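Data block for work17.txt (compact mmCIF, C-alpha atoms and all ligand atoms):
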```txt
# COMPACT_ATOMS: atom_id res chain seq x y z
CA MET A 3 16.94 98.92 121.69
CA ALA A 4 16.59 95.75 119.58
CA PHE A 5 19.42 95.29 117.11
CA LYS A 6 18.66 95.61 113.40
CA ILE A 7 20.89 94.65 110.50
CA GLY A 8 20.32 97.49 108.09
CA PRO A 9 21.45 97.85 104.46
CA LYS A 10 24.76 99.54 105.33
CA ILE A 11 25.84 96.59 107.50
CA LYS A 12 24.72 94.06 104.86
CA ASN A 13 26.66 95.94 102.22
CA VAL A 14 29.95 95.95 104.17
CA ILE A 15 29.65 92.27 105.09
CA LYS A 16 28.94 91.29 101.49
CA ARG A 17 31.93 93.25 100.15
CA ASP A 18 34.16 91.98 102.94
CA SER A 19 33.35 88.38 102.05
CA ARG A 20 34.57 89.00 98.49
CA VAL A 21 37.94 90.62 99.21
CA ILE A 22 39.03 89.88 102.78
CA PHE A 23 40.40 86.55 103.99
CA THR A 24 38.18 84.93 106.59
CA THR A 25 39.57 85.38 110.08
CA THR A 26 37.41 84.63 113.11
CA ARG A 27 34.44 86.91 112.86
CA GLU A 28 31.72 85.14 110.84
CA ALA A 29 29.10 85.13 113.58
CA PHE A 30 28.91 88.79 114.51
CA PRO A 31 27.21 91.29 112.14
CA PHE A 32 29.04 94.07 113.91
CA VAL A 33 30.43 97.00 111.89
CA ALA A 34 31.79 99.61 114.28
CA ASP A 35 31.49 103.28 113.44
CA HIS A 36 32.54 105.13 116.57
CA GLY A 37 32.74 104.74 120.30
CA ASN A 38 33.52 106.46 123.56
CA GLY A 39 33.88 105.40 127.17
CA ASP A 40 31.60 102.41 127.79
CA PHE A 41 29.77 102.52 124.43
CA ILE A 42 30.18 101.50 120.81
CA PHE A 43 27.96 102.56 117.89
CA ASP A 44 27.74 100.70 114.61
CA ILE A 45 27.28 102.22 111.16
CA GLU A 46 23.46 101.97 111.40
CA GLY A 47 23.42 103.84 114.70
CA ASN A 48 22.87 100.78 116.90
CA LYS A 49 24.31 101.43 120.37
CA PHE A 50 26.05 98.79 122.47
CA ILE A 51 27.40 98.66 125.99
CA ASP A 52 30.89 97.23 125.72
CA PHE A 53 32.01 94.34 127.92
CA SER A 54 34.87 93.42 125.56
CA SER A 55 37.25 96.42 125.52
CA PHE A 56 37.71 95.30 121.89
CA VAL A 57 39.50 92.20 123.17
CA SER A 58 41.29 93.97 125.99
CA CYS A 59 42.63 96.77 123.76
CA TYR A 60 40.84 99.74 125.30
CA ASN A 61 41.44 99.43 129.03
CA LEU A 62 41.02 103.20 129.48
CA GLY A 63 37.68 103.36 127.63
CA ILE A 64 36.57 102.88 124.04
CA ASN A 65 38.64 105.20 121.82
CA GLY A 66 40.95 106.02 124.72
CA ASN A 67 40.68 109.32 126.57
CA ALA A 68 41.26 112.97 125.63
CA GLN A 69 44.94 112.96 126.71
CA ILE A 70 45.72 109.92 124.52
CA ARG A 71 44.00 111.40 121.49
CA THR A 72 45.68 114.80 121.92
CA ALA A 73 49.14 113.22 122.24
CA ALA A 74 48.60 111.15 119.08
CA LYS A 75 47.25 114.14 117.09
CA LYS A 76 50.17 116.36 118.12
CA GLN A 77 52.67 113.72 117.05
CA ILE A 78 50.91 113.26 113.69
CA ASP A 79 51.51 116.94 112.93
CA ARG A 80 55.24 116.71 113.80
CA LEU A 81 56.46 113.38 112.38
CA MET A 82 54.44 110.18 112.04
CA HIS A 83 57.19 107.66 111.50
CA GLY A 84 60.86 107.93 112.45
CA MET A 85 63.62 105.41 111.84
CA PHE A 86 63.85 104.21 115.40
CA MET A 87 65.50 100.88 114.72
CA ASP A 88 68.26 102.51 112.64
CA TYR A 89 68.72 105.87 114.39
CA TYR A 90 67.46 107.39 117.63
CA GLU A 91 64.10 108.86 118.72
CA ALA A 92 63.11 110.47 122.02
CA SER A 93 59.50 109.24 122.24
CA PRO A 94 60.15 105.44 122.33
CA VAL A 95 63.04 105.93 124.76
CA ALA A 96 60.79 107.90 127.15
CA LEU A 97 58.10 105.22 126.93
CA ALA A 98 60.62 102.44 127.60
CA GLU A 99 61.92 104.28 130.67
CA LYS A 100 58.39 104.64 132.02
CA LEU A 101 57.46 101.04 131.26
CA VAL A 102 60.54 99.70 133.02
CA LYS A 103 59.56 101.70 136.14
CA MET A 104 56.30 99.72 136.29
CA LEU A 105 58.22 96.41 136.48
CA PRO A 106 60.10 94.68 139.30
CA PRO A 107 63.67 95.90 139.95
CA GLY A 108 66.30 94.68 137.50
CA PHE A 109 64.23 95.07 134.34
CA GLY A 110 66.06 97.13 131.80
CA ARG A 111 65.88 96.39 128.12
CA VAL A 112 62.84 96.89 125.92
CA PHE A 113 62.22 95.80 122.34
CA PHE A 114 59.26 97.47 120.60
CA SER A 115 57.14 95.80 117.93
CA ASN A 116 53.60 96.09 116.56
CA SER A 117 51.47 93.21 117.87
CA GLY A 118 51.18 90.57 120.55
CA THR A 119 52.38 87.78 118.35
CA GLU A 120 55.48 89.79 117.42
CA ALA A 121 56.23 90.52 121.07
CA ASN A 122 56.23 86.77 121.69
CA GLU A 123 58.31 86.09 118.57
CA ASP A 124 60.85 88.53 119.97
CA ALA A 125 60.75 86.78 123.34
CA ILE A 126 61.39 83.41 121.67
CA LYS A 127 64.44 84.83 119.91
CA LEU A 128 65.70 86.52 123.07
CA VAL A 129 65.49 83.43 125.29
CA LYS A 130 67.21 81.32 122.65
CA LEU A 131 69.94 83.91 122.28
CA PHE A 132 70.44 84.38 126.03
CA THR A 133 70.51 80.67 126.93
CA LYS A 134 71.83 79.13 123.68
CA ARG A 135 69.14 76.49 124.25
CA ARG A 136 66.57 75.51 121.64
CA HIS A 137 63.57 73.99 123.37
CA ILE A 138 60.59 75.77 124.94
CA ILE A 139 57.79 74.67 127.27
CA GLY A 140 54.26 76.06 126.89
CA PHE A 141 50.84 75.22 128.27
CA TYR A 142 47.80 73.52 126.79
CA GLY A 143 45.06 76.11 126.38
CA ALA A 144 47.63 78.85 125.76
CA PHE A 145 47.26 81.59 123.17
CA HIS A 146 50.42 83.51 122.33
CA GLY A 147 49.65 84.57 118.74
CA ARG A 148 49.38 83.27 115.21
CA SER A 149 52.70 83.95 113.48
CA LEU A 150 54.86 80.86 113.15
CA GLY A 151 57.05 81.19 116.26
CA SER A 152 54.24 82.17 118.64
CA LEU A 153 51.92 79.67 117.01
CA ALA A 154 54.24 76.90 118.15
CA LEU A 155 53.31 77.94 121.70
CA THR A 156 49.61 78.48 121.03
CA ALA A 157 47.57 75.40 121.94
CA SER A 158 44.00 76.49 122.50
CA LYS A 159 42.25 75.29 119.30
CA THR A 160 43.31 72.89 116.53
CA PRO A 161 42.28 75.18 113.59
CA HIS A 162 44.88 77.72 114.75
CA ARG A 163 47.63 75.18 113.98
CA ALA A 164 46.31 72.84 111.29
CA HIS A 165 48.65 72.63 108.24
CA PHE A 166 51.08 75.22 109.60
CA GLY A 167 53.86 73.06 111.03
CA PRO A 168 56.66 72.22 111.41
CA PHE A 169 57.05 74.49 114.41
CA VAL A 170 59.72 75.73 116.80
CA ASN A 171 60.40 72.97 119.39
CA VAL A 172 57.75 73.28 122.08
CA SER A 173 56.48 70.75 124.63
CA HIS A 174 53.02 71.51 125.96
CA VAL A 175 52.05 70.72 129.53
CA PRO A 176 48.77 70.98 131.48
CA TYR A 177 47.82 74.42 132.78
CA PRO A 178 46.44 74.25 136.32
CA ASP A 179 42.67 74.62 135.98
CA PRO A 180 41.01 74.34 139.39
CA TYR A 181 37.51 73.99 137.88
CA ARG A 182 38.34 71.17 135.47
CA PHE A 183 41.07 69.37 137.44
CA ASN A 184 40.20 65.77 138.05
CA GLY A 185 40.73 65.75 141.80
CA ASP A 186 41.17 68.22 144.64
CA PRO A 187 41.46 71.69 142.97
CA GLU A 188 44.21 72.59 145.45
CA GLU A 189 46.40 69.91 143.91
CA CYS A 190 46.23 71.03 140.29
CA SER A 191 49.33 73.25 140.59
CA GLN A 192 51.48 70.43 141.90
CA ALA A 193 50.15 68.13 139.17
CA SER A 194 51.36 70.58 136.47
CA ILE A 195 54.77 70.96 138.14
CA ASP A 196 55.08 67.16 138.46
CA PHE A 197 54.17 66.77 134.79
CA ILE A 198 57.01 69.08 133.75
CA GLU A 199 59.52 67.37 136.05
CA GLU A 200 58.52 63.82 135.21
CA ASN A 201 57.32 63.84 131.61
CA ILE A 202 59.28 66.67 130.04
CA LEU A 203 62.57 67.07 131.92
CA GLY A 204 62.56 63.47 133.12
CA ARG A 205 61.58 61.73 129.91
CA THR A 206 61.75 63.81 126.74
CA VAL A 207 63.95 66.94 126.89
CA PRO A 208 67.03 67.36 129.10
CA GLN A 209 67.04 70.58 131.13
CA GLU A 210 70.19 71.81 129.32
CA GLU A 211 68.09 72.12 126.16
CA VAL A 212 65.14 74.05 127.63
CA ALA A 213 65.44 77.82 127.17
CA ALA A 214 62.17 79.00 128.73
CA ILE A 215 58.65 78.34 129.91
CA PHE A 216 56.07 80.69 128.36
CA PHE A 217 52.77 81.29 130.18
CA GLU A 218 49.78 83.58 130.54
CA PRO A 219 49.16 84.49 134.20
CA ILE A 220 45.46 83.99 133.48
CA GLN A 221 44.69 82.09 130.28
CA GLY A 222 42.67 84.33 127.96
CA GLU A 223 41.62 82.72 124.69
CA GLY A 224 41.89 79.34 126.47
CA GLY A 225 38.81 80.16 128.58
CA TYR A 226 39.71 82.68 131.29
CA VAL A 227 41.35 80.09 133.49
CA VAL A 228 42.73 81.39 136.79
CA PRO A 229 45.38 79.13 138.33
CA PRO A 230 45.75 78.76 142.11
CA ARG A 231 47.56 81.71 143.72
CA GLY A 232 50.66 79.64 144.59
CA PHE A 233 51.26 78.22 141.12
CA PHE A 234 53.71 80.71 139.66
CA LYS A 235 55.93 80.62 142.76
CA GLN A 236 56.18 76.86 142.26
CA LEU A 237 56.94 77.37 138.57
CA ARG A 238 59.61 79.97 139.46
CA LYS A 239 61.24 77.49 141.83
CA LEU A 240 61.27 74.78 139.19
CA ALA A 241 62.69 77.17 136.59
CA ASN A 242 65.46 78.33 138.96
CA GLU A 243 66.42 74.77 139.78
CA HIS A 244 66.89 73.96 136.09
CA GLY A 245 68.33 77.25 134.80
CA ILE A 246 65.21 77.84 132.69
CA LEU A 247 63.83 81.35 131.99
CA LEU A 248 60.20 82.34 132.56
CA VAL A 249 58.36 84.42 129.97
CA ASP A 250 55.13 86.05 131.16
CA ASP A 251 52.69 86.99 128.39
CA GLU A 252 50.79 89.96 129.89
CA ILE A 253 49.17 90.84 126.57
CA GLN A 254 45.55 90.20 127.58
CA ALA A 255 45.67 89.99 131.39
CA GLY A 256 48.13 92.81 132.06
CA TYR A 257 47.97 96.59 131.98
CA MET A 258 45.88 96.86 135.18
CA ARG A 259 43.08 94.56 134.06
CA THR A 260 43.31 92.57 137.28
CA GLY A 261 43.83 95.69 139.42
CA LYS A 262 47.63 95.36 139.29
CA PHE A 263 49.84 96.53 136.43
CA LEU A 264 51.14 92.98 135.98
CA ALA A 265 48.59 90.20 136.33
CA LEU A 266 51.49 88.06 137.59
CA ASP A 267 51.75 90.32 140.66
CA ASN A 268 48.57 88.71 141.94
CA PHE A 269 50.56 85.49 142.29
CA GLY A 270 53.62 86.88 144.12
CA ALA A 271 56.09 85.73 141.45
CA THR A 272 58.33 87.36 138.86
CA ALA A 273 59.36 86.36 135.34
CA ASP A 274 62.55 87.02 133.34
CA VAL A 275 60.82 88.41 130.25
CA TYR A 276 57.44 90.17 129.96
CA THR A 277 55.45 90.78 126.81
CA PHE A 278 52.84 93.54 126.34
CA ALA A 279 50.49 94.55 123.50
CA LYS A 280 46.74 95.29 123.19
CA SER A 281 45.92 98.06 125.75
CA PHE A 282 49.59 98.97 126.04
CA GLY A 283 49.29 100.58 122.57
CA ALA A 284 46.29 102.71 123.65
CA GLY A 285 44.47 101.99 120.37
CA PHE A 286 47.59 101.79 118.19
CA PRO A 287 49.58 98.76 117.02
CA LEU A 288 52.34 98.68 119.61
CA ALA A 289 53.91 95.88 121.62
CA ALA A 290 56.89 95.50 123.91
CA THR A 291 59.15 92.68 125.02
CA VAL A 292 61.02 93.54 128.20
CA ALA A 293 63.87 91.49 129.64
CA ARG A 294 65.88 91.46 132.84
CA ARG A 295 68.95 93.62 132.38
CA SER A 296 71.24 90.84 133.65
CA LEU A 297 70.30 88.65 130.67
CA GLY A 298 72.34 90.86 128.38
CA ASP A 299 71.85 92.68 125.09
CA THR A 300 71.29 91.64 121.47
CA PRO A 301 74.18 91.90 119.00
CA SER A 302 73.66 94.52 116.28
CA GLY A 303 71.62 93.09 113.41
CA ALA A 304 70.24 90.11 115.38
CA HIS A 305 66.80 91.65 115.68
CA ALA A 306 64.95 94.76 114.45
CA GLY A 307 61.80 95.83 112.59
CA THR A 308 60.75 98.87 110.57
CA PHE A 309 57.75 100.10 112.56
CA GLY A 310 58.58 99.02 116.13
CA GLY A 311 58.49 102.11 118.36
CA ASN A 312 56.42 104.10 115.86
CA LEU A 313 56.21 107.71 116.99
CA VAL A 314 52.41 108.13 117.01
CA ALA A 315 51.92 104.81 118.78
CA THR A 316 54.55 105.57 121.42
CA ALA A 317 53.17 109.09 121.98
CA ALA A 318 49.69 107.64 122.60
CA ALA A 319 51.06 104.83 124.78
CA THR A 320 53.07 107.31 126.86
CA ALA A 321 49.97 109.46 127.45
CA SER A 322 48.08 106.34 128.44
CA LEU A 323 50.79 105.15 130.84
CA ASP A 324 51.07 108.66 132.34
CA TYR A 325 47.32 108.64 132.96
CA LEU A 326 47.60 105.26 134.64
CA ARG A 327 50.46 106.37 136.87
CA ARG A 328 48.64 109.55 137.90
CA ASN A 329 45.42 107.72 138.71
CA MET A 330 46.88 104.45 139.95
CA ARG A 331 45.28 104.35 143.39
CA SER A 332 41.78 105.32 142.35
CA MET A 333 41.93 102.95 139.38
CA GLN A 334 43.06 100.06 141.53
CA HIS A 335 40.32 100.72 144.00
CA GLY A 336 37.71 100.99 141.22
CA ILE A 337 38.82 97.82 139.44
CA VAL A 338 38.69 95.74 142.64
CA ARG A 339 35.32 97.17 143.66
CA LYS A 340 33.69 96.83 140.23
CA GLY A 341 35.15 93.35 139.73
CA ALA A 342 33.72 92.22 143.09
CA LYS A 343 30.34 93.69 142.17
CA ILE A 344 30.24 91.76 138.87
CA MET A 345 31.45 88.54 140.51
CA LYS A 346 28.76 88.80 143.20
CA ARG A 347 25.95 89.22 140.71
CA MET A 348 27.31 86.52 138.37
CA ASN A 349 27.64 84.09 141.26
CA GLU A 350 23.98 84.73 142.16
CA ILE A 351 23.08 84.02 138.53
CA LYS A 352 25.22 80.88 138.62
CA ASP A 353 23.30 79.61 141.66
CA GLU A 354 20.04 80.03 139.78
CA TYR A 355 20.87 78.39 136.43
CA GLU A 356 22.10 74.82 135.99
CA TYR A 357 24.06 75.63 132.85
CA VAL A 358 26.17 78.37 134.41
CA GLY A 359 28.94 76.18 135.78
CA ASP A 360 31.67 78.49 136.99
CA VAL A 361 32.39 82.17 137.57
CA ARG A 362 36.02 83.12 138.09
CA GLY A 363 38.43 85.98 137.67
CA ILE A 364 40.56 88.67 139.21
CA GLY A 365 39.64 92.36 139.05
CA LEU A 366 37.88 93.11 135.76
CA MET A 367 39.05 89.94 133.99
CA ILE A 368 36.08 87.66 134.59
CA GLY A 369 35.13 84.39 132.93
CA VAL A 370 31.82 82.56 133.02
CA GLU A 371 31.82 78.92 131.95
CA PHE A 372 28.70 77.25 130.54
CA VAL A 373 28.17 73.52 131.07
CA LYS A 374 25.40 71.08 130.26
CA SER A 375 25.17 70.10 133.93
CA LYS A 376 26.95 71.34 137.01
CA GLU A 377 27.75 67.81 138.08
CA ARG A 378 29.31 66.47 134.89
CA LYS A 379 30.61 69.78 133.50
CA GLU A 380 30.19 68.85 129.80
CA TYR A 381 31.09 71.86 127.64
CA ALA A 382 27.95 73.78 126.61
CA THR A 383 29.41 75.47 123.55
CA LYS A 384 26.17 76.04 121.63
CA GLU A 385 24.43 77.41 124.70
CA ARG A 386 27.35 79.80 125.31
CA ASP A 387 27.23 80.95 121.68
CA LYS A 388 23.50 81.61 121.92
CA VAL A 389 23.91 83.70 125.07
CA VAL A 390 26.71 85.74 123.47
CA MET A 391 24.63 86.36 120.34
CA ASP A 392 21.52 87.16 122.34
CA CYS A 393 23.45 89.74 124.37
CA PHE A 394 24.67 91.30 121.15
CA GLN A 395 21.14 91.57 119.79
CA LYS A 396 20.01 93.18 123.02
CA GLY A 397 22.82 95.77 122.95
CA LEU A 398 25.73 94.25 124.88
CA VAL A 399 29.04 93.17 123.36
CA VAL A 400 30.58 90.18 125.18
CA LEU A 401 33.06 87.71 123.74
CA PRO A 402 33.43 83.95 123.96
CA ALA A 403 36.63 82.35 125.27
CA GLY A 404 37.75 78.72 125.12
CA ARG A 405 35.30 75.90 124.50
CA SER A 406 32.35 77.15 126.49
CA ALA A 407 33.33 80.22 128.49
CA MET A 408 32.45 83.87 128.04
CA ARG A 409 34.58 86.82 129.07
CA ILE A 410 33.43 89.93 130.90
CA ILE A 411 36.13 92.55 130.31
CA PRO A 412 34.63 96.04 130.18
CA PRO A 413 36.97 99.03 130.00
CA LEU A 414 38.51 99.56 133.45
CA THR A 415 36.81 102.96 133.51
CA VAL A 416 33.31 101.44 133.10
CA SER A 417 30.58 103.20 135.10
CA ASP A 418 28.40 101.46 137.67
CA SER A 419 25.33 102.20 135.61
CA SER A 420 26.83 100.51 132.50
CA ILE A 421 27.77 97.51 134.64
CA ASP A 422 24.21 97.26 135.96
CA LYS A 423 22.61 97.65 132.54
CA GLY A 424 25.06 95.22 130.92
CA LEU A 425 24.48 92.60 133.60
CA ASP A 426 20.69 93.04 133.24
CA ILE A 427 21.05 92.21 129.53
CA LEU A 428 23.32 89.26 130.27
CA GLU A 429 20.97 87.88 132.90
CA GLU A 430 18.02 88.20 130.53
CA ALA A 431 19.99 86.34 127.82
CA ILE A 432 20.95 83.57 130.26
CA LYS A 433 17.35 83.31 131.43
CA SER A 434 15.87 83.14 127.94
CA ASN A 435 18.34 80.46 126.79
CA SER A 436 18.01 78.21 129.85
CA LYS A 437 16.04 74.99 129.36
C1 LIG A 501 47.68 86.39 125.75
C2 LIG A 501 47.82 86.78 124.31
N1 LIG A 501 49.03 86.74 123.73
C3 LIG A 501 49.22 87.08 122.45
C4 LIG A 501 48.16 87.49 121.67
C5 LIG A 501 48.38 87.86 120.22
O1 LIG A 501 48.24 89.22 120.05
P1 LIG A 501 48.04 89.84 118.57
O2 LIG A 501 46.67 89.42 118.12
O3 LIG A 501 48.19 91.30 118.77
O4 LIG A 501 49.10 89.24 117.72
C6 LIG A 501 46.88 87.54 122.21
C7 LIG A 501 45.71 87.95 121.39
O5 LIG A 501 44.58 87.71 121.69
C8 LIG A 501 46.70 87.18 123.57
O6 LIG A 501 45.50 87.21 124.15
```
Once more with this new file: its structure as C-alpha cells, please.
Amino acid sequence: MAFKIGPKIKNVIKRDSRVIFTTTREAFPFVADHGNGDFIFDIEGNKFIDFSSFVSCYNLGINGNAQIRTAAKKQIDRLMHGMFMDYYEASPVALAEKLVKMLPPGFGRVFFSNSGTEANEDAIKLVKLFTKRRHIIGFYGAFHGRSLGSLALTASKTPHRAHFGPFVNVSHVPYPDPYRFNGDPEECSQASIDFIEENILGRTVPQEEVAAIFFEPIQGEGGYVVPPRGFFKQLRKLANEHGILLVDDEIQAGYMRTGKFLALDNFGATADVYTFAKSFGAGFPLAATVARRSLGDTPSGAHAGTFGGNLVATAAATASLDYLRRNMRSMQHGIVRKGAKIMKRMNEIKDEYEYVGDVRGIGLMIGVEFVKSKERKEYATKERDKVVMDCFQKGLVVLPAGRSAMRIIPPLTVSDSSIDKGLDILEEAIKSNSK
C-alpha cells in the first residue's frame, strides 16, 4: 500500500510544531496509532512492517506480548507508584534478583532509573565514587545519552554537544571499525588499544586519575559498528593493568538483540558495570545500572530518584524477563537463524549495487552502510536518507544510524514472512535509488 499523508497526520504535525521542542524527527511524517507483533499502524490507517523495534525498545514485538500487558494492567489496579527509593517494594527487588541472574557471577547491586541516559549518569557517579578518580575514557562514535553527564561521553554528532559544555572530564579514543580502518582490518583493535596507552595514559591523563572506560559492545547511533571479536578482551586486559573499570552500555545492543542476553558475551569479555534501558522496560520508562558486588555500595543519600523502580514498569519488565528466560533456547535459535537469513540477502544486494558498501552485524542487530563508491567509501548520506524515506513510503520502517548507515532491527519475534516482505521493500528502494 502506498503511503498517504492524510489530514489527521497533517493536523498533528502542525500542532506539534507549535508547542513541542524540535528533537530529531523532522523527516518522518509518522504518527503511530497502534501496533502489534511485526506491525505498526498510523492514525490514518497506514500499515507498516517494523524493522526498527521503535529504536530497540520492543524486542518482544510491537506493544509487547499478552503476558507483559496483563502484568502491567494488574499492577495499575493495585498501586501505580510506590516510594521505592525511600521505603521498600517487592516488585523492583524481584526484578533486580532476576536481572542479576542473567549476568556473570559476582554481579550484585542494581540501581533503577527511567531512561538510558540516566542509567549512564548513574554509572558515571558510581565509578567516580568507587575509584575516587575523576577522569573517564569514551569512544568516538559513541552514544550514551543526552543529559549532561552522559553527553560528555556521547561523540557521534556535533549537534548533540554544541553549546552544552563544559562537560565531565572525558577523553575520546578511536573505536575499532574494521570497515573504515585505514589498514588491515585485523589491526584496528590493537590501534585503539595503542592509542589509549600512548596518547591518553602516556601523554594526557595519568592512570591514577582514570575511573573507567565506557563503551557500547556494538556502536548503535554511531553507525552499527561491530568491532573485531578479540577487542574487548584486549580492553579488559588494559583496564586490569591500570586499575580502570569497564562500563558496558547494553542499552541498544543488549537484551538478546544479538542472540545473547549481553551483546558483550559475543566478545568473550566481562565489564564491571552494565547499563540497560530500552527493551529492558518492555515499553515502559525503566533503566538499570548494575555493578559488581565487590565494588561496594553507595552511602545513603549519595544517589536516588523518585520514579526509579516504578511498580508498573518493573511489573512489565519482570513479565518480559520471565518470558525471555522461559523461551531462551528457541529465541536464541530464532535470532541467529533470522539474522543469518537477513545478512545473506543483504550481502547479495550489496554485491549488486555499488552504493551498498558494507553489511555487518550480529544476530538481529544489522547495519548497512551506503557509500558513493565501494573503493573510496565516501559517505553517501543523502542516498541513505532517500532509501530510508522510500522504504517508509512503501510501508517499511527502518532507521538511519551514523553518517550513512541504516539499521535493520526488527522485533526478535519477527516472522519469516515479515522479513521477506520487508527485505523486498528495502531491495526495491535500493534499486530505485541506485544511479
Ligand atoms: C547505546 C545507548 N545508550 C544510551 C542511550 C540513551 O537512552 P535514552 O534515550 O533512553 O536516554 C541510547 C539511546 O539511543 C543508546 O542507544
- Would you work out the distance separating CA of Gly84 in chain A from CA of Phe309 in chain A, expressed in Å to one decimal? 8.4 Å
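The coordinates place CA of Ser406 in chain A at 20.4 Å from CA of Gly147 in chain A.
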- Message: Counting all atoms listed in the file, find residues at most 12 Å from (56.1, 69.3, 132.7) (file frame) and give them as number ranges by chain.
- Response: A: 138-142, 172-178, 191-209, 212, 215, 237, 240-241
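Here CA of Lys75 in chain A stands at a distance of 27.9 Å from atom O6 of ligand LIG 501 (chain A).
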- Item | Residues within 10 Å of range 152-161 of chain A, only C-alpha atoms, excluding chain neighbours under 6 positions, as an NGL selection string | :A and (118-126 or 138-146 or 167-175 or 215-217 or 221-225 or 403-405)
Dump as a PDB file, keeping the file's coordinate frame, selection limited to C-alpha atoms:
```pdb
ATOM      1  CA  GLY A 118      51.180  90.570 120.550  1.00  0.00           C
ATOM      2  CA  THR A 119      52.380  87.780 118.350  1.00  0.00           C
ATOM      3  CA  GLU A 120      55.480  89.790 117.420  1.00  0.00           C
ATOM      4  CA  ALA A 121      56.230  90.520 121.070  1.00  0.00           C
ATOM      5  CA  ASN A 122      56.230  86.770 121.690  1.00  0.00           C
ATOM      6  CA  GLU A 123      58.310  86.090 118.570  1.00  0.00           C
ATOM      7  CA  ASP A 124      60.850  88.530 119.970  1.00  0.00           C
ATOM      8  CA  ALA A 125      60.750  86.780 123.340  1.00  0.00           C
ATOM      9  CA  ILE A 126      61.390  83.410 121.670  1.00  0.00           C
ATOM     10  CA  ILE A 138      60.590  75.770 124.940  1.00  0.00           C
ATOM     11  CA  ILE A 139      57.790  74.670 127.270  1.00  0.00           C
ATOM     12  CA  GLY A 140      54.260  76.060 126.890  1.00  0.00           C
ATOM     13  CA  PHE A 141      50.840  75.220 128.270  1.00  0.00           C
ATOM     14  CA  TYR A 142      47.800  73.520 126.790  1.00  0.00           C
ATOM     15  CA  GLY A 143      45.060  76.110 126.380  1.00  0.00           C
ATOM     16  CA  ALA A 144      47.630  78.850 125.760  1.00  0.00           C
ATOM     17  CA  PHE A 145      47.260  81.590 123.170  1.00  0.00           C
ATOM     18  CA  HIS A 146      50.420  83.510 122.330  1.00  0.00           C
ATOM     19  CA  GLY A 167      53.860  73.060 111.030  1.00  0.00           C
ATOM     20  CA  PRO A 168      56.660  72.220 111.410  1.00  0.00           C
ATOM     21  CA  PHE A 169      57.050  74.490 114.410  1.00  0.00           C
ATOM     22  CA  VAL A 170      59.720  75.730 116.800  1.00  0.00           C
ATOM     23  CA  ASN A 171      60.400  72.970 119.390  1.00  0.00           C
ATOM     24  CA  VAL A 172      57.750  73.280 122.080  1.00  0.00           C
ATOM     25  CA  SER A 173      56.480  70.750 124.630  1.00  0.00           C
ATOM     26  CA  HIS A 174      53.020  71.510 125.960  1.00  0.00           C
ATOM     27  CA  VAL A 175      52.050  70.720 129.530  1.00  0.00           C
ATOM     28  CA  ILE A 215      58.650  78.340 129.910  1.00  0.00           C
ATOM     29  CA  PHE A 216      56.070  80.690 128.360  1.00  0.00           C
ATOM     30  CA  PHE A 217      52.770  81.290 130.180  1.00  0.00           C
ATOM     31  CA  GLN A 221      44.690  82.090 130.280  1.00  0.00           C
ATOM     32  CA  GLY A 222      42.670  84.330 127.960  1.00  0.00           C
ATOM     33  CA  GLU A 223      41.620  82.720 124.690  1.00  0.00           C
ATOM     34  CA  GLY A 224      41.890  79.340 126.470  1.00  0.00           C
ATOM     35  CA  GLY A 225      38.810  80.160 128.580  1.00  0.00           C
ATOM     36  CA  ALA A 403      36.630  82.350 125.270  1.00  0.00           C
ATOM     37  CA  GLY A 404      37.750  78.720 125.120  1.00  0.00           C
ATOM     38  CA  ARG A 405      35.300  75.900 124.500  1.00  0.00           C
TER      39      ARG A 405
END
```
- Which protein, DNA or RNA residues are at most 12 Å from (23.7, 98.0, 111.6) in the file's coordinates when you count all atoms listed in the file, listed as a VMD selection string? chain A and resid 4 to 15 30 to 35 42 to 50 394 to 395 397
Residues of the last selection are to be written out with C-alpha atoms, as a PDB file, in the frame of the given file.
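Writing the result to selection-v3.pdb gives the following:
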```
ATOM      1  CA  ALA A   4      16.590  95.750 119.580  1.00  0.00           C
ATOM      2  CA  PHE A   5      19.420  95.290 117.110  1.00  0.00           C
ATOM      3  CA  LYS A   6      18.660  95.610 113.400  1.00  0.00           C
ATOM      4  CA  ILE A   7      20.890  94.650 110.500  1.00  0.00           C
ATOM      5  CA  GLY A   8      20.320  97.490 108.090  1.00  0.00           C
ATOM      6  CA  PRO A   9      21.450  97.850 104.460  1.00  0.00           C
ATOM      7  CA  LYS A  10      24.760  99.540 105.330  1.00  0.00           C
ATOM      8  CA  ILE A  11      25.840  96.590 107.500  1.00  0.00           C
ATOM      9  CA  LYS A  12      24.720  94.060 104.860  1.00  0.00           C
ATOM     10  CA  ASN A  13      26.660  95.940 102.220  1.00  0.00           C
ATOM     11  CA  VAL A  14      29.950  95.950 104.170  1.00  0.00           C
ATOM     12  CA  ILE A  15      29.650  92.270 105.090  1.00  0.00           C
ATOM     13  CA  PHE A  30      28.910  88.790 114.510  1.00  0.00           C
ATOM     14  CA  PRO A  31      27.210  91.290 112.140  1.00  0.00           C
ATOM     15  CA  PHE A  32      29.040  94.070 113.910  1.00  0.00           C
ATOM     16  CA  VAL A  33      30.430  97.000 111.890  1.00  0.00           C
ATOM     17  CA  ALA A  34      31.790  99.610 114.280  1.00  0.00           C
ATOM     18  CA  ASP A  35      31.490 103.280 113.440  1.00  0.00           C
ATOM     19  CA  ILE A  42      30.180 101.500 120.810  1.00  0.00           C
ATOM     20  CA  PHE A  43      27.960 102.560 117.890  1.00  0.00           C
ATOM     21  CA  ASP A  44      27.740 100.700 114.610  1.00  0.00           C
ATOM     22  CA  ILE A  45      27.280 102.220 111.160  1.00  0.00           C
ATOM     23  CA  GLU A  46      23.460 101.970 111.400  1.00  0.00           C
ATOM     24  CA  GLY A  47      23.420 103.840 114.700  1.00  0.00           C
ATOM     25  CA  ASN A  48      22.870 100.780 116.900  1.00  0.00           C
ATOM     26  CA  LYS A  49      24.310 101.430 120.370  1.00  0.00           C
ATOM     27  CA  PHE A  50      26.050  98.790 122.470  1.00  0.00           C
ATOM     28  CA  PHE A 394      24.670  91.300 121.150  1.00  0.00           C
ATOM     29  CA  GLN A 395      21.140  91.570 119.790  1.00  0.00           C
ATOM     30  CA  GLY A 397      22.820  95.770 122.950  1.00  0.00           C
TER      31      GLY A 397
END
```
Calculate, to one decimal in Å, the centre and edge lengths of the box along x, y and z of the file that holds all listed atoms of ligand LIG 501 (chain A) with 3 Å of margin on each side, and present them as AutoDock Vina command-line options.
```
--center_x 46.9 --center_y 88.8 --center_z 121.7 --size_x 10.6 --size_y 10.9 --size_z 14.0
```
